[in-house]
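Presented below is the structure to which this report refers.
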Amino acid sequence: MPELPEVETVRLGLQRLLPKRRIQAVDFDTPKSFPNAPSDVREFLVSATIMQVRRRAKVLMIDLSSEYSLVIHLKMTGQLVFRGAESFGAGHPNDSLIGELPDKSTRITLTFKDGSKLFFNDQRKFGWMRLLPTIEIPNIDFMQRVGPEPLSADFTAEIFINRIMRRKNTSIKAAILDQTVLAGVGNIYADESLFAAGIHPASLVRDIPKSKLKTLHTEIIAVLTLSIEKGGSTDRNYVNVEGKRGSYIDFAKVFRRESLPCPVCKHDIIKIKVAGRGTHVCTTCQKLYKGKSA
DNA sequence: CACTTGACCTGTCCGC
DNA sequence: TGCGGACAGGTCAAGT
């Protein structure tokens with residue numbers, strides 16, 4: 001659920017709210033959510049000041065004055081919600097989708113010296129937060145293997161095509177979901193960008209003309225950019241740091257629109273399974289490329 | 001090595 | 001209304 005646009009929206013909110021705040025305490029329920037040793041937490045987290053908030057792929061990094069960083073992955077249902085000191089006692093903000101915090105899905109709470117708090121909620125407990133030396137982040141396995149940022153200026157169509165061809169014998173959907181090919185695309189934006197490019201998600205990479213792959217490169221960038229403008233997609237769980245929804249889902253052409261008319265040709269959108277994921281497709285607008293046969 | 005499937009979890013929804 | 005099962009999907013480990 002949180003894909004690149006959702007994680008970037010959270011990053012923008014955290015970058016606005018967190019720098020210069022000093023951590024007073026951390027509370028967490030399970031070691032799985034926050035596996036660091038208590039001695040490291042005391043030494044490198046408590047009393048540290050937040051410097052900046054960065055993102056790489058779907059991973060957030062909160063850099064601390066201790067030269068450690070909180071590295072965070074929201075996975076499917078993770079949420080980071082900030083509440084200022086004034087939000088407590090008098091109740092929570094009325095326009096938040098999230099009620100009183102902490103609640104039953106709160107895994108980690110960071111409390112700052114000024115009384116404000118950052119809550120890490122995660123219904124399904126797949127997400128995590130880890131304290132690592134800032135300088136070591138580029139060395140962790142995921143950072144070593146993850147592909148280029150699709151919204152960076154040097155992510156050209158040529159680079160995209162070269163990287164996608166590493167997965168030439170699999171479906172195009174599986175290929176763009178592969179974080180080692182490019183960073184940040186998940187199920188929503190895979191379906192939306194493939195619709196925009198007119199490619200059936202089950203098409204094998206090797207069968208798709210280069211010109212179509214070039215179109216897909218353009219559409220991936222367009223879809224991700226529009227979604228960041230809309231504050232991401234709130235399908236089920238996703239909210240921003242204020243607990244508010246993103247509106248991109250209102251602009252989605254196929255995602256979660258099965259049995260509704262295609263906005264272009266009016267034929268019904270169907271839902272199938274591709275690469276083990278629920279996949280939304282308009283079989284009229286999206287061509288299934290298959291081999292050399294006609 | 002390339003690729004696919006299952007596991008990790010919990011809440012929701014659907015059919016009986 | 002209760003209950004079992006399918007489903008949701010990011011990533012990694014295990015399997016083919």
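Residues in the structure tokens are numbered from 1 in each chain, the chains being A, B, ... in the order shown, and ligands are numbered from 1 in the order shown.
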
Counting only C-alpha atoms (C1' of nucleotides), which residues in chain B sit no more than 10 Å from chain A? For each one, give the nearest pair of atoms and the distance in Å, sorted by chain then residue number, as CSV.
residue,atom,partner,partner_atom,distance
B:DA2,C1',A:Arg167,CA,8.1
B:DC3,C1',A:Thr170,CA,7.3
B:DT4,C1',A:Ala275,CA,8.3
B:DT5,C1',A:Gly276,CA,8.3
B:DC8,C1',A:Phe126,CA,6.8
B:DC9,C1',A:Arg124,CA,4.6
B:DT10,C1',A:Arg124,CA,5.0
B:DG11,C1',A:Gln123,CA,8.2

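Near chain C, the residues of chain A that fall inside 7 Å (using only C-alpha atoms (C1' of nucleotides)) are Met1, Lys75 and Met76 of chain A.
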
Kindly save the residues from that selection, with N, CA and C atoms included, as a PDB file, in the first residue's frame.
ATOM      1  N   MET A   1       0.801  -1.217   0.000  1.00  0.00           N
ATOM      2  CA  MET A   1       0.000   0.000   0.000  1.00  0.00           C
ATOM      3  C   MET A   1       0.833   1.265   0.000  1.00  0.00           C
ATOM      4  N   LYS A  75       5.873  -1.210   4.971  1.00  0.00           N
ATOM      5  CA  LYS A  75       5.264  -2.395   4.353  1.00  0.00           C
ATOM      6  C   LYS A  75       3.826  -2.080   3.950  1.00  0.00           C
ATOM      7  N   MET A  76       2.849  -2.933   4.344  1.00  0.00           N
ATOM      8  CA  MET A  76       1.490  -2.714   3.824  1.00  0.00           C
ATOM      9  C   MET A  76       0.627  -1.780   4.645  1.00  0.00           C
TER      10      MET A  76
END

As a PDB file with N, CA and C atoms, in the first residue's frame, please: every residue in segment 6-214 of chain A that a backbone DSSP assignment puts in alpha helix (DSSP H).
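Saved to part.pdb:
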ATOM      1  N   GLU A   6       3.233   7.530  -1.522  1.00  0.00           N
ATOM      2  CA  GLU A   6       2.749   7.585  -0.137  1.00  0.00           C
ATOM      3  C   GLU A   6       3.932   7.818   0.810  1.00  0.00           C
ATOM      4  N   VAL A   7       5.021   7.094   0.588  1.00  0.00           N
ATOM      5  CA  VAL A   7       6.193   7.254   1.454  1.00  0.00           C
ATOM      6  C   VAL A   7       6.767   8.666   1.290  1.00  0.00           C
ATOM      7  N   GLU A   8       6.764   9.179   0.071  1.00  0.00           N
ATOM      8  CA  GLU A   8       7.269  10.538  -0.153  1.00  0.00           C
ATOM      9  C   GLU A   8       6.358  11.566   0.534  1.00  0.00           C
ATOM     10  N   THR A   9       5.060  11.336   0.511  1.00  0.00           N
ATOM     11  CA  THR A   9       4.131  12.251   1.190  1.00  0.00           C
ATOM     12  C   THR A   9       4.388  12.259   2.699  1.00  0.00           C
ATOM     13  N   VAL A  10       4.632  11.071   3.243  1.00  0.00           N
ATOM     14  CA  VAL A  10       4.971  10.984   4.671  1.00  0.00           C
ATOM     15  C   VAL A  10       6.293  11.700   4.941  1.00  0.00           C
ATOM     16  N   ARG A  11       7.262  11.495   4.055  1.00  0.00           N
ATOM     17  CA  ARG A  11       8.554  12.158   4.242  1.00  0.00           C
ATOM     18  C   ARG A  11       8.415  13.687   4.266  1.00  0.00           C
ATOM     19  N   LEU A  12       7.639  14.214   3.336  1.00  0.00           N
ATOM     20  CA  LEU A  12       7.448  15.665   3.294  1.00  0.00           C
ATOM     21  C   LEU A  12       6.840  16.167   4.601  1.00  0.00           C
ATOM     22  N   GLY A  13       5.879  15.424   5.124  1.00  0.00           N
ATOM     23  CA  GLY A  13       5.252  15.815   6.388  1.00  0.00           C
ATOM     24  C   GLY A  13       6.222  15.744   7.557  1.00  0.00           C
ATOM     25  N   LEU A  14       7.004  14.662   7.607  1.00  0.00           N
ATOM     26  CA  LEU A  14       7.971  14.514   8.697  1.00  0.00           C
ATOM     27  C   LEU A  14       9.069  15.576   8.612  1.00  0.00           C
ATOM     28  N   GLN A  15       9.503  15.863   7.391  1.00  0.00           N
ATOM     29  CA  GLN A  15      10.566  16.865   7.213  1.00  0.00           C
ATOM     30  C   GLN A  15      10.080  18.247   7.667  1.00  0.00           C
ATOM     31  N   ARG A  16       8.791  18.486   7.526  1.00  0.00           N
ATOM     32  CA  ARG A  16       8.218  19.765   7.964  1.00  0.00           C
ATOM     33  C   ARG A  16       8.093  19.813   9.487  1.00  0.00           C
ATOM     34  N   LEU A  17       7.813  18.659  10.107  1.00  0.00           N
ATOM     35  CA  LEU A  17       7.456  18.647  11.529  1.00  0.00           C
ATOM     36  C   LEU A  17       8.571  18.243  12.496  1.00  0.00           C
ATOM     37  N   PRO A  38      18.493  -2.470  23.845  1.00  0.00           N
ATOM     38  CA  PRO A  38      18.152  -1.365  24.755  1.00  0.00           C
ATOM     39  C   PRO A  38      19.337  -0.424  25.001  1.00  0.00           C
ATOM     40  N   SER A  39      20.534  -0.977  25.031  1.00  0.00           N
ATOM     41  CA  SER A  39      21.701  -0.115  25.291  1.00  0.00           C
ATOM     42  C   SER A  39      21.929   0.855  24.124  1.00  0.00           C
ATOM     43  N   ASP A  40      21.718   0.371  22.901  1.00  0.00           N
ATOM     44  CA  ASP A  40      21.848   1.256  21.745  1.00  0.00           C
ATOM     45  C   ASP A  40      20.762   2.321  21.735  1.00  0.00           C
ATOM     46  N   ASP A 141      21.729  -4.695   2.761  1.00  0.00           N
ATOM     47  CA  ASP A 141      21.414  -5.483   1.564  1.00  0.00           C
ATOM     48  C   ASP A 141      20.430  -4.788   0.632  1.00  0.00           C
ATOM     49  N   PHE A 142      19.349  -4.293   1.211  1.00  0.00           N
ATOM     50  CA  PHE A 142      18.307  -3.694   0.375  1.00  0.00           C
ATOM     51  C   PHE A 142      18.853  -2.515  -0.430  1.00  0.00           C
ATOM     52  N   MET A 143      19.644  -1.654   0.212  1.00  0.00           N
ATOM     53  CA  MET A 143      20.179  -0.475  -0.474  1.00  0.00           C
ATOM     54  C   MET A 143      21.185  -0.862  -1.554  1.00  0.00           C
ATOM     55  N   GLN A 144      21.879  -1.968  -1.331  1.00  0.00           N
ATOM     56  CA  GLN A 144      22.833  -2.442  -2.329  1.00  0.00           C
ATOM     57  C   GLN A 144      22.128  -2.937  -3.593  1.00  0.00           C
ATOM     58  N   ARG A 145      20.942  -3.519  -3.403  1.00  0.00           N
ATOM     59  CA  ARG A 145      20.280  -4.169  -4.527  1.00  0.00           C
ATOM     60  C   ARG A 145      19.214  -3.314  -5.198  1.00  0.00           C
ATOM     61  N   ALA A 157      14.821   6.608 -20.287  1.00  0.00           N
ATOM     62  CA  ALA A 157      14.137   5.462 -20.896  1.00  0.00           C
ATOM     63  C   ALA A 157      15.143   4.357 -21.230  1.00  0.00           C
ATOM     64  N   GLU A 158      16.321   4.763 -21.653  1.00  0.00           N
ATOM     65  CA  GLU A 158      17.344   3.766 -21.999  1.00  0.00           C
ATOM     66  C   GLU A 158      17.740   2.928 -20.783  1.00  0.00           C
ATOM     67  N   ILE A 159      17.936   3.600 -19.650  1.00  0.00           N
ATOM     68  CA  ILE A 159      18.284   2.883 -18.423  1.00  0.00           C
ATOM     69  C   ILE A 159      17.143   1.964 -18.000  1.00  0.00           C
ATOM     70  N   PHE A 160      15.923   2.483 -18.106  1.00  0.00           N
ATOM     71  CA  PHE A 160      14.748   1.671 -17.754  1.00  0.00           C
ATOM     72  C   PHE A 160      14.682   0.405 -18.603  1.00  0.00           C
ATOM     73  N   ILE A 161      14.845   0.553 -19.907  1.00  0.00           N
ATOM     74  CA  ILE A 161      14.741  -0.595 -20.812  1.00  0.00           C
ATOM     75  C   ILE A 161      15.861  -1.602 -20.551  1.00  0.00           C
ATOM     76  N   ASN A 162      17.062  -1.096 -20.336  1.00  0.00           N
ATOM     77  CA  ASN A 162      18.173  -2.000 -20.024  1.00  0.00           C
ATOM     78  C   ASN A 162      17.909  -2.809 -18.764  1.00  0.00           C
ATOM     79  N   ARG A 163      17.401  -2.141 -17.746  1.00  0.00           N
ATOM     80  CA  ARG A 163      17.181  -2.830 -16.477  1.00  0.00           C
ATOM     81  C   ARG A 163      16.003  -3.790 -16.549  1.00  0.00           C
ATOM     82  N   ILE A 164      14.946  -3.391 -17.259  1.00  0.00           N
ATOM     83  CA  ILE A 164      13.757  -4.242 -17.333  1.00  0.00           C
ATOM     84  C   ILE A 164      14.072  -5.520 -18.120  1.00  0.00           C
ATOM     85  N   ILE A 172       5.484  -8.296 -17.483  1.00  0.00           N
ATOM     86  CA  ILE A 172       5.888  -6.905 -17.296  1.00  0.00           C
ATOM     87  C   ILE A 172       5.474  -6.404 -15.915  1.00  0.00           C
ATOM     88  N   LYS A 173       4.359  -6.916 -15.405  1.00  0.00           N
ATOM     89  CA  LYS A 173       3.953  -6.472 -14.071  1.00  0.00           C
ATOM     90  C   LYS A 173       4.946  -6.935 -13.003  1.00  0.00           C
ATOM     91  N   ALA A 174       5.331  -8.220 -13.070  1.00  0.00           N
ATOM     92  CA  ALA A 174       6.323  -8.712 -12.108  1.00  0.00           C
ATOM     93  C   ALA A 174       7.616  -7.919 -12.231  1.00  0.00           C
ATOM     94  N   ALA A 175       7.970  -7.546 -13.451  1.00  0.00           N
ATOM     95  CA  ALA A 175       9.239  -6.835 -13.677  1.00  0.00           C
ATOM     96  C   ALA A 175       9.236  -5.441 -13.056  1.00  0.00           C
ATOM     97  N   ILE A 176       8.129  -4.697 -13.212  1.00  0.00           N
ATOM     98  CA  ILE A 176       8.153  -3.334 -12.643  1.00  0.00           C
ATOM     99  C   ILE A 176       7.886  -3.328 -11.140  1.00  0.00           C
ATOM    100  N   LEU A 177       7.343  -4.446 -10.617  1.00  0.00           N
ATOM    101  CA  LEU A 177       7.207  -4.564  -9.160  1.00  0.00           C
ATOM    102  C   LEU A 177       8.543  -4.938  -8.508  1.00  0.00           C
ATOM    103  N   ASN A 187       1.723  -2.263  -6.224  1.00  0.00           N
ATOM    104  CA  ASN A 187       0.590  -2.800  -6.983  1.00  0.00           C
ATOM    105  C   ASN A 187      -0.291  -1.729  -7.635  1.00  0.00           C
ATOM    106  N   ILE A 188      -0.549  -0.650  -6.921  1.00  0.00           N
ATOM    107  CA  ILE A 188      -1.429   0.392  -7.473  1.00  0.00           C
ATOM    108  C   ILE A 188      -0.815   1.024  -8.710  1.00  0.00           C
ATOM    109  N   TYR A 189       0.426   1.478  -8.589  1.00  0.00           N
ATOM    110  CA  TYR A 189       1.041   2.223  -9.688  1.00  0.00           C
ATOM    111  C   TYR A 189       1.517   1.316 -10.812  1.00  0.00           C
ATOM    112  N   ALA A 190       1.707   0.035 -10.512  1.00  0.00           N
ATOM    113  CA  ALA A 190       1.968  -0.926 -11.592  1.00  0.00           C
ATOM    114  C   ALA A 190       0.732  -1.007 -12.493  1.00  0.00           C
ATOM    115  N   ASP A 191      -0.428  -1.219 -11.889  1.00  0.00           N
ATOM    116  CA  ASP A 191      -1.664  -1.330 -12.688  1.00  0.00           C
ATOM    117  C   ASP A 191      -1.962  -0.031 -13.436  1.00  0.00           C
ATOM    118  N   GLU A 192      -1.813   1.093 -12.777  1.00  0.00           N
ATOM    119  CA  GLU A 192      -2.150   2.383 -13.397  1.00  0.00           C
ATOM    120  C   GLU A 192      -1.196   2.738 -14.536  1.00  0.00           C
ATOM    121  N   SER A 193       0.092   2.502 -14.348  1.00  0.00           N
ATOM    122  CA  SER A 193       1.040   2.864 -15.406  1.00  0.00           C
ATOM    123  C   SER A 193       0.917   1.922 -16.598  1.00  0.00           C
ATOM    124  N   LEU A 194       0.606   0.640 -16.347  1.00  0.00           N
ATOM    125  CA  LEU A 194       0.423  -0.296 -17.468  1.00  0.00           C
ATOM    126  C   LEU A 194      -0.844   0.032 -18.252  1.00  0.00           C
ATOM    127  N   PHE A 195      -1.878   0.487 -17.564  1.00  0.00           N
ATOM    128  CA  PHE A 195      -3.076   0.935 -18.280  1.00  0.00           C
ATOM    129  C   PHE A 195      -2.747   2.161 -19.142  1.00  0.00           C
ATOM    130  N   ALA A 196      -2.065   3.122 -18.545  1.00  0.00           N
ATOM    131  CA  ALA A 196      -1.739   4.354 -19.276  1.00  0.00           C
ATOM    132  C   ALA A 196      -0.883   4.073 -20.508  1.00  0.00           C
ATOM    133  N   ALA A 197      -0.042   3.011 -20.416  1.00  0.00           N
ATOM    134  CA  ALA A 197       0.831   2.675 -21.540  1.00  0.00           C
ATOM    135  C   ALA A 197       0.157   1.718 -22.528  1.00  0.00           C
ATOM    136  N   LYS A 210      10.112  -2.128 -28.005  1.00  0.00           N
ATOM    137  CA  LYS A 210      10.896  -1.124 -27.276  1.00  0.00           C
ATOM    138  C   LYS A 210      10.150   0.208 -27.186  1.00  0.00           C
ATOM    139  N   SER A 211       9.434   0.545 -28.262  1.00  0.00           N
ATOM    140  CA  SER A 211       8.709   1.824 -28.261  1.00  0.00           C
ATOM    141  C   SER A 211       7.639   1.834 -27.162  1.00  0.00           C
ATOM    142  N   LYS A 212       7.035   0.663 -26.917  1.00  0.00           N
ATOM    143  CA  LYS A 212       6.021   0.565 -25.859  1.00  0.00           C
ATOM    144  C   LYS A 212       6.659   0.641 -24.477  1.00  0.00           C
ATOM    145  N   LEU A 213       7.836   0.059 -24.341  1.00  0.00           N
ATOM    146  CA  LEU A 213       8.547   0.151 -23.061  1.00  0.00           C
ATOM    147  C   LEU A 213       8.934   1.597 -22.775  1.00  0.00           C
ATOM    148  N   LYS A 214       9.255   2.311 -23.830  1.00  0.00           N
ATOM    149  CA  LYS A 214       9.581   3.728 -23.678  1.00  0.00           C
ATOM    150  C   LYS A 214       8.355   4.505 -23.188  1.00  0.00           C
TER     151      LYS A 214
END
